[in-house]
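As stored in model.txt (compact mmCIF, C-alpha atoms):
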```
# COMPACT_ATOMS: atom_id res chain seq x y z
CA MET A 17 -20.96 -25.81 -19.64
CA ILE A 18 -23.57 -26.21 -22.34
CA PRO A 19 -22.79 -23.93 -25.31
CA GLN A 20 -25.09 -20.89 -25.61
CA ASP A 21 -26.01 -21.87 -29.18
CA TRP A 22 -27.48 -25.17 -28.00
CA LEU A 23 -29.55 -23.45 -25.28
CA HIS A 24 -30.81 -20.86 -27.75
CA GLY A 25 -31.54 -23.66 -30.18
CA PHE A 26 -33.56 -25.55 -27.59
CA ALA A 27 -35.46 -22.40 -26.49
CA GLY A 28 -36.20 -21.46 -30.11
CA GLY A 29 -37.23 -25.06 -30.75
CA LEU A 30 -39.73 -24.90 -27.88
CA MET A 31 -41.17 -21.74 -29.49
CA ILE A 32 -41.41 -23.47 -32.90
CA GLY A 33 -43.11 -26.50 -31.37
CA SER A 34 -45.50 -24.29 -29.39
CA ALA A 35 -46.41 -22.47 -32.62
CA GLY A 36 -47.18 -25.84 -34.22
CA ALA A 37 -49.20 -26.92 -31.17
CA LEU A 38 -51.22 -23.70 -31.32
CA TYR A 39 -51.93 -24.09 -35.05
CA LEU A 40 -53.01 -27.71 -34.50
CA LEU A 41 -55.10 -27.34 -31.36
CA VAL A 42 -56.80 -24.05 -32.25
CA ASN A 43 -56.98 -24.03 -36.06
CA GLY A 44 -56.89 -27.79 -36.55
CA ARG A 45 -54.15 -27.58 -39.17
CA ILE A 46 -50.61 -28.92 -39.54
CA MET A 47 -47.97 -26.21 -39.38
CA GLY A 48 -45.94 -26.99 -42.49
CA ALA A 49 -44.26 -24.01 -44.12
CA SER A 50 -44.00 -25.59 -47.60
CA GLY A 51 -47.63 -26.78 -47.56
CA ILE A 52 -49.06 -23.46 -46.36
CA LEU A 53 -47.13 -21.53 -49.03
CA GLY A 54 -47.05 -24.12 -51.82
CA GLY A 55 -50.75 -24.95 -51.81
CA MET A 56 -51.51 -21.33 -52.62
CA LEU A 57 -48.67 -20.87 -55.13
CA ASP A 58 -49.66 -23.81 -57.34
CA GLY A 59 -53.35 -23.05 -56.87
CA SER A 60 -54.09 -26.57 -55.57
CA ASP A 61 -55.34 -25.60 -52.15
CA TRP A 62 -56.89 -22.20 -51.42
CA ARG A 63 -58.99 -23.44 -48.53
CA HIS A 64 -58.45 -21.34 -45.42
CA TRP A 65 -56.50 -18.83 -47.54
CA THR A 66 -57.06 -15.98 -45.07
CA GLU A 67 -55.50 -17.94 -42.22
CA ARG A 68 -52.67 -19.09 -44.50
CA LEU A 69 -51.90 -15.50 -45.50
CA SER A 70 -52.08 -14.36 -41.86
CA PHE A 71 -49.66 -17.13 -40.87
CA LEU A 72 -47.21 -16.24 -43.66
CA ALA A 73 -47.43 -12.48 -43.07
CA ALA A 74 -46.64 -12.90 -39.35
CA LEU A 75 -43.85 -15.38 -40.17
CA VAL A 76 -42.19 -12.76 -42.39
CA LEU A 77 -42.93 -9.66 -40.27
CA VAL A 78 -42.43 -10.74 -36.64
CA PRO A 79 -38.69 -11.55 -37.10
CA LEU A 80 -38.31 -7.98 -38.44
CA LEU A 81 -39.53 -6.70 -35.05
CA ILE A 82 -37.09 -8.89 -33.12
CA VAL A 83 -33.99 -8.29 -35.25
CA PRO A 84 -33.21 -4.91 -33.55
CA LEU A 85 -32.75 -6.79 -30.24
CA TYR A 86 -29.72 -8.54 -31.71
CA THR A 87 -26.43 -6.82 -32.47
CA VAL A 88 -25.89 -8.86 -35.63
CA VAL A 89 -28.31 -11.10 -37.50
CA ASP A 90 -26.89 -12.59 -40.66
CA THR A 91 -28.08 -15.53 -42.71
CA HIS A 92 -24.52 -15.91 -44.13
CA ILE A 93 -26.15 -17.08 -47.36
CA THR A 94 -23.74 -17.90 -50.18
CA PRO A 95 -23.06 -14.99 -52.56
CA ASN A 96 -23.15 -17.42 -55.53
CA PRO A 97 -26.44 -16.78 -57.40
CA VAL A 98 -26.22 -20.06 -59.34
CA VAL A 99 -26.03 -22.08 -56.12
CA ILE A 100 -28.89 -20.04 -54.63
CA VAL A 101 -31.19 -20.58 -57.63
CA ILE A 102 -30.47 -24.33 -57.92
CA GLY A 103 -30.88 -24.76 -54.15
CA GLY A 104 -34.15 -22.82 -54.19
CA LEU A 105 -35.58 -24.78 -57.13
CA LEU A 106 -34.65 -28.12 -55.52
CA THR A 107 -36.17 -27.00 -52.21
CA GLY A 108 -39.40 -25.83 -53.86
CA ILE A 109 -39.90 -28.89 -56.08
CA GLY A 110 -38.69 -31.37 -53.47
CA THR A 111 -40.82 -30.17 -50.56
CA ARG A 112 -43.96 -30.19 -52.72
CA LEU A 113 -43.30 -33.65 -54.18
CA ALA A 114 -42.67 -34.95 -50.67
CA ASN A 115 -45.65 -33.01 -49.28
CA GLY A 116 -43.61 -31.44 -46.52
CA CYS A 117 -40.37 -29.99 -45.27
CA THR A 118 -38.56 -29.62 -41.93
CA SER A 119 -41.61 -28.19 -40.16
CA GLY A 120 -44.34 -30.46 -41.57
CA HIS A 121 -42.48 -33.78 -41.84
CA GLY A 122 -39.77 -33.04 -39.27
CA VAL A 123 -41.51 -31.28 -36.37
CA CYS A 124 -45.17 -32.23 -36.90
CA GLY A 125 -44.62 -35.69 -38.43
CA ILE A 126 -41.96 -37.08 -36.11
CA SER A 127 -43.85 -35.87 -33.01
CA ARG A 128 -46.85 -37.89 -34.27
CA LEU A 129 -44.60 -40.88 -35.03
CA ALA A 130 -45.86 -40.70 -38.63
CA PRO A 131 -43.88 -43.15 -40.80
CA ARG A 132 -43.90 -40.74 -43.78
CA GLY A 133 -42.53 -37.91 -41.63
CA ILE A 134 -39.76 -40.08 -40.22
CA VAL A 135 -38.78 -41.49 -43.65
CA ALA A 136 -38.83 -38.03 -45.26
CA THR A 137 -36.62 -36.61 -42.48
CA VAL A 138 -34.10 -39.44 -42.79
CA PHE A 139 -33.88 -38.96 -46.57
CA TYR A 140 -33.55 -35.16 -46.58
CA ILE A 141 -30.91 -35.22 -43.86
CA LEU A 142 -28.97 -37.95 -45.74
CA ALA A 143 -29.21 -36.00 -49.01
CA GLY A 144 -28.21 -32.78 -47.23
CA GLY A 145 -25.21 -34.43 -45.57
CA LEU A 146 -24.07 -35.98 -48.85
CA THR A 147 -24.50 -32.66 -50.66
CA VAL A 148 -22.40 -30.76 -48.13
CA ALA A 149 -19.75 -33.50 -48.15
CA LEU A 150 -19.47 -33.46 -51.96
CA PHE A 151 -19.89 -29.75 -52.69
CA ARG A 152 -17.77 -28.55 -49.75
CA HIS A 153 -15.09 -31.16 -49.19
CA VAL A 154 -14.73 -32.76 -52.63
CA TRP A 155 -15.50 -29.98 -55.10
CA GLY A 156 -15.10 -26.91 -52.88
CA VAL A 157 -18.12 -25.13 -54.35
CA ILE A 158 -19.84 -24.16 -51.07
CA MET B 15 -61.37 -13.59 -38.08
CA LEU B 16 -60.42 -15.68 -35.03
CA ARG B 17 -58.85 -18.27 -37.32
CA SER B 18 -56.64 -15.60 -38.92
CA LEU B 19 -55.73 -14.11 -35.55
CA PHE B 20 -54.51 -17.44 -34.19
CA ALA B 21 -52.81 -18.27 -37.47
CA ALA B 22 -50.90 -14.99 -37.18
CA LEU B 23 -49.98 -15.76 -33.55
CA SER B 24 -48.69 -19.15 -34.64
CA GLY B 25 -46.80 -17.78 -37.66
CA GLY B 26 -45.25 -15.03 -35.54
CA LEU B 27 -44.16 -17.45 -32.82
CA PHE B 28 -42.75 -19.77 -35.50
CA GLY B 29 -40.77 -16.90 -37.04
CA ALA B 30 -39.51 -15.71 -33.64
CA GLY B 31 -38.50 -19.28 -32.74
CA LEU B 32 -36.58 -19.68 -36.00
CA LEU B 33 -34.69 -16.47 -35.25
CA VAL B 34 -33.98 -17.31 -31.57
CA SER B 35 -32.89 -20.87 -32.43
CA GLY B 36 -30.37 -19.63 -34.99
CA MET B 37 -31.95 -21.66 -37.79
CA VAL B 38 -32.05 -18.60 -40.06
CA ASP B 39 -28.24 -18.83 -40.11
CA THR B 40 -27.15 -21.02 -43.04
CA VAL B 41 -23.79 -21.64 -41.32
CA LYS B 42 -25.53 -23.44 -38.42
CA VAL B 43 -27.74 -25.50 -40.74
CA GLN B 44 -24.90 -26.49 -43.06
CA GLY B 45 -22.81 -27.11 -39.93
CA TRP B 46 -25.37 -29.73 -38.83
CA LEU B 47 -25.11 -31.43 -42.21
CA ASP B 48 -21.30 -31.18 -42.31
CA VAL B 49 -20.34 -34.42 -40.58
CA PHE B 50 -16.89 -34.41 -42.21
CA GLY B 51 -16.14 -30.82 -41.15
CA ALA B 52 -16.85 -28.71 -38.06
CA TRP B 53 -20.07 -30.53 -37.13
CA ASP B 54 -22.61 -28.33 -35.29
CA PRO B 55 -25.29 -30.22 -33.32
CA THR B 56 -27.47 -27.11 -32.67
CA LEU B 57 -30.20 -28.29 -35.08
CA ALA B 58 -30.76 -31.42 -33.01
CA PHE B 59 -31.51 -29.23 -29.97
CA VAL B 60 -33.96 -27.19 -32.03
CA MET B 61 -35.70 -30.32 -33.31
CA GLY B 62 -35.82 -31.80 -29.81
CA GLY B 63 -37.25 -28.61 -28.37
CA ALA B 64 -39.86 -28.37 -31.13
CA ILE B 65 -40.96 -32.01 -30.96
CA LEU B 66 -41.72 -31.86 -27.20
CA PRO B 67 -44.70 -29.42 -27.27
CA MET B 68 -45.89 -30.93 -30.57
CA ALA B 69 -45.96 -34.44 -29.09
CA VAL B 70 -48.11 -33.13 -26.22
CA ALA B 71 -50.39 -31.39 -28.73
CA TRP B 72 -50.93 -34.62 -30.71
CA ARG B 73 -51.90 -36.41 -27.46
CA VAL B 74 -54.38 -33.67 -26.60
CA ALA B 75 -55.74 -33.76 -30.17
CA ALA B 76 -56.27 -37.53 -29.96
CA ARG B 77 -58.50 -37.03 -26.92
CA ARG B 78 -60.52 -34.16 -28.42
CA GLY B 79 -61.41 -34.96 -32.03
CA VAL B 80 -61.97 -31.37 -33.14
CA SER B 81 -59.86 -28.25 -32.70
CA ARG B 82 -60.85 -25.26 -30.54
CA LEU B 83 -62.33 -23.55 -33.59
CA GLY B 84 -64.25 -26.64 -34.61
CA THR B 85 -62.07 -28.00 -37.44
CA PRO B 86 -61.62 -31.79 -37.35
CA PHE B 87 -57.96 -32.71 -36.76
CA PRO B 88 -56.04 -33.80 -39.86
CA PRO B 89 -56.37 -37.58 -40.26
CA ARG B 90 -53.28 -39.77 -40.06
CA PRO B 91 -51.95 -40.06 -43.64
CA GLU B 92 -51.73 -43.54 -45.16
CA PRO B 93 -48.25 -44.83 -44.30
CA ARG B 94 -47.51 -45.11 -48.03
CA LEU B 95 -43.90 -44.48 -49.09
CA ASP B 96 -44.29 -43.35 -52.70
CA HIS B 97 -41.84 -42.04 -55.33
CA GLY B 98 -42.79 -38.46 -54.50
CA LEU B 99 -41.93 -38.77 -50.81
CA ILE B 100 -38.53 -40.33 -51.41
CA LEU B 101 -37.46 -38.41 -54.52
CA GLY B 102 -38.90 -35.16 -53.16
CA SER B 103 -37.09 -35.52 -49.83
CA LEU B 104 -33.81 -36.29 -51.62
CA MET B 105 -34.21 -33.18 -53.83
CA PHE B 106 -35.16 -31.00 -50.86
CA GLY B 107 -32.19 -32.33 -48.88
CA ALA B 108 -29.83 -31.48 -51.74
CA GLY B 109 -31.18 -27.92 -51.94
CA TRP B 110 -31.05 -27.60 -48.16
CA GLY B 111 -27.41 -28.72 -48.14
CA LEU B 112 -26.41 -26.41 -51.01
CA VAL B 113 -27.80 -23.21 -49.46
CA GLY B 114 -28.69 -24.02 -45.83
CA LEU B 115 -32.23 -22.64 -45.94
CA CYS B 116 -35.51 -24.55 -45.74
CA PRO B 117 -38.93 -22.99 -46.44
CA GLY B 118 -39.66 -21.71 -42.90
CA PRO B 119 -36.35 -19.90 -42.36
CA ALA B 120 -36.40 -18.64 -45.98
CA LEU B 121 -39.64 -16.81 -45.15
CA ALA B 122 -38.57 -15.76 -41.64
CA SER B 123 -35.32 -14.21 -42.93
CA LEU B 124 -36.88 -12.43 -45.90
CA SER B 125 -36.85 -9.03 -44.15
CA PHE B 126 -33.14 -9.10 -43.35
CA GLY B 127 -31.71 -11.74 -45.68
CA GLY B 128 -30.67 -9.34 -48.45
CA TRP B 129 -30.87 -10.08 -52.18
CA GLY B 130 -29.60 -13.63 -51.72
CA GLY B 131 -32.49 -14.54 -49.43
CA GLY B 132 -34.99 -12.93 -51.81
CA LEU B 133 -33.52 -14.79 -54.79
CA PHE B 134 -33.71 -18.08 -52.89
CA LEU B 135 -37.37 -17.49 -52.04
CA LEU B 136 -38.18 -16.64 -55.68
CA ALA B 137 -36.47 -19.80 -56.95
CA MET B 138 -38.21 -21.87 -54.27
CA ALA B 139 -41.59 -20.38 -55.25
CA ALA B 140 -40.89 -21.18 -58.91
CA GLY B 141 -40.07 -24.76 -57.92
CA MET B 142 -43.31 -25.00 -55.98
CA VAL B 143 -45.28 -23.81 -59.01
CA ALA B 144 -43.50 -26.36 -61.24
CA ALA B 145 -43.87 -29.27 -58.81
CA PRO B 146 -47.39 -30.44 -59.87
CA VAL B 147 -46.19 -30.99 -63.46
CA ILE B 148 -43.34 -33.19 -62.22
CA ARG B 149 -45.66 -34.98 -59.80
CA ARG B 150 -48.02 -35.95 -62.64
CA ARG B 151 -45.09 -37.54 -64.50
CA LEU B 152 -43.98 -39.39 -61.36
CA ASP B 153 -47.49 -40.73 -60.79
CA ARG B 154 -47.30 -42.50 -64.14
CA LEU B 155 -44.22 -44.47 -63.07
CA PRO B 156 -44.81 -48.06 -61.94
CA ALA B 157 -44.79 -48.32 -58.14
```
I need this file expressed as structure tokens, please.
Amino acid sequence: MIPQDWLHGFAGGLMIGSAGALYLLVNGRIMGASGILGGMLDGSDWRHWTERLSFLAALVLVPLLIVPLYTVVDTHITPNPVVIVIGGLLTGIGTRLANGCTSGHGVCGISRLAPRGIVATVFYILAGGLTVALFRHVWGVI
Amino acid sequence: MLRSLFAALSGGLFGAGLLVSGMVDTVKVQGWLDVFGAWDPTLAFVMGGAILPMAVAWRVAARRGVSRLGTPFPPRPEPRLDHGLILGSLMFGAGWGLVGLCPGPALASLSFGGWGGGLFLLAMAAGMVAAPVIRRRLDRLPA
């Protein structure tokens, strides 16, 4: 028996990839969450700002409509505000320096066999694995 | 108008997919990264599922040249591995490991993620605003 979580993961993954395919084939843009948000936040890229805002608004609001279908939806985010702020800062700075995150480099880059996407994904997974190993198993912070 | 409509369809489907896949749950994401603990391979199934339709889309795009709404497809970036790509990915990975949220799920879980999710998004936004300053310093480093 394949665990339910894996099946749900695969089904959700197909939805994520279809969303990226739609954004590429119809709008001609790469579906990267950090690029769509970050380009507007730092003022570097306001081209197509109406479609960016529409994308972000639906990304925030549609899950709200689906949540009632589940009995429990919990992000289980750490209650430690220091960890949250440091993690958020690193995520914001890092994804913009690297020009992409899990959606842009991971989903859109790897599927295109883009060397930058593959290298970025290898490095952020390595750094993530090392961080969990150190902060969970060595120092017991998370 | 059409561009915004399809962008909203895409954003909504992305958000729904993140919820269905379980990637808004930091336990599953940190579980994927936790190779020395109770390793959870769910993220690999999500990535696999997402890459399949995207790979088809890239093949279709290669045949067409312009998108349905007339925008030229994004060109292949130079395969240049610069300081920003490596250092940025390492920083992002560290943040991802610490909290278990990346930018997509941070946005998708905003409505139900409580104060912690909101704080994460604020810190991430601040980091994104600060990033160009750090990038300019990095660009001055010898390659």
- Message: Just the number, please: distance in Å from atom CA of A:Gly48 to atom CA of A:Gly145, one decimal.
- Response: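 Interatomic distance here is 22.2 Å.
Of note, atom CA of B:Phe106 and atom CA of A:Arg112 are spaced 9.0 Å apart.
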- Could you tell me how far atom CA of B:Ala30 lies from atom CA of B:Leu115, in Å and to one decimal?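 Between atom CA of B:Ala30 and atom CA of B:Leu115 the gap works out to 15.9 Å.
Among the candidate residues B:Ala120, B:Ala52, B:Met68, B:Val43, the one lying nearest to A:Pro79 is B:Ala120, with distances computed using all atoms listed in the file.
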- Message: Report as a PyMOL selection string all protein, DNA and RNA residues lying within 9 Å of B:Lys42, evaluated on all atoms listed in the file, omitting residues in the same chain fewer than 2 positions from it.
- Response: chain B and resi 36-40+44-47+54-57+114
- Message: Can you tell me which residues surround A:Leu30 at a distance of at most 7 Å, considering only C-alpha atoms, apart from same-chain residues fewer than 5 positions away, and format the answer as an MDAnalysis selection string?
- Response: chainID B and resid 63:64 67
Keeping C-alpha atoms, export the residues of the selection given above as a PDB file, keeping the file's coordinate frame.
```pdb
ATOM      1  CA  GLY B  63     -37.250 -28.610 -28.370  1.00  0.00           C
ATOM      2  CA  ALA B  64     -39.860 -28.370 -31.130  1.00  0.00           C
ATOM      3  CA  PRO B  67     -44.700 -29.420 -27.270  1.00  0.00           C
TER       4      PRO B  67
END
```
- Shell of 10 Å around B:Arg149, only C-alpha atoms, local chain residues under 2 positions omitted, as a PyMOL selection string: (chain A and resi 109+112-114) or (chain B and resi 97-98+102+144-147+151-154)
Write the residues of the selection above to a file with C-alpha atoms, as a PDB file, keeping the file's coordinate frame.
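Resulting contents of again-v4.pdb:
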```pdb
ATOM      1  CA  ILE A 109     -39.900 -28.890 -56.080  1.00  0.00           C
ATOM      2  CA  ARG A 112     -43.960 -30.190 -52.720  1.00  0.00           C
ATOM      3  CA  LEU A 113     -43.300 -33.650 -54.180  1.00  0.00           C
ATOM      4  CA  ALA A 114     -42.670 -34.950 -50.670  1.00  0.00           C
TER       5      ALA A 114
ATOM      6  CA  HIS B  97     -41.840 -42.040 -55.330  1.00  0.00           C
ATOM      7  CA  GLY B  98     -42.790 -38.460 -54.500  1.00  0.00           C
ATOM      8  CA  GLY B 102     -38.900 -35.160 -53.160  1.00  0.00           C
ATOM      9  CA  ALA B 144     -43.500 -26.360 -61.240  1.00  0.00           C
ATOM     10  CA  ALA B 145     -43.870 -29.270 -58.810  1.00  0.00           C
ATOM     11  CA  PRO B 146     -47.390 -30.440 -59.870  1.00  0.00           C
ATOM     12  CA  VAL B 147     -46.190 -30.990 -63.460  1.00  0.00           C
ATOM     13  CA  ARG B 151     -45.090 -37.540 -64.500  1.00  0.00           C
ATOM     14  CA  LEU B 152     -43.980 -39.390 -61.360  1.00  0.00           C
ATOM     15  CA  ASP B 153     -47.490 -40.730 -60.790  1.00  0.00           C
ATOM     16  CA  ARG B 154     -47.300 -42.500 -64.140  1.00  0.00           C
TER      17      ARG B 154
END
```
- Query: Between A:Pro84, A:Thr107, A:Thr91, A:Gly144, which is the closest to B:Val41 once you count only C-alpha atoms?
  - Reply: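 Closest to B:Val41 of all the choices is A:Thr91.
Using all atoms listed in the file, the nearest neighbour of A:Leu85 within the list B:Arg82, B:Val34, B:Val60, B:Gly51 is B:Val34.
Each of A:Leu150, A:Met17, A:Val42, A:Ala27 was compared to B:Arg17 using only C-alpha atoms, and A:Val42 turns out to be the nearest.
The smallest atom-to-atom distance between chain B and any of A:Glu67, A:Gly133, A:Ser119, A:Trp155, using all atoms listed in the file, is found for A:Glu67.
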- Quick one: everything within 7 Å of A:Cys117, counting only C-alpha atoms, minus sequence neighbours fewer than 4 positions away in the same chain. Send it as a ChimeraX atom specification. /A:48,50,111,121-122
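Residues lying within 10 Å of B:Ala140, counting all atoms listed in the file and ignoring same-chain neighbours fewer than 5 positions away, are Gly54, Leu57, Asp58, Val101, Gly104, Leu105, Leu106, Gly108 and Ile109 of chain A; Phe134, Leu135 and Ala145 of chain B.
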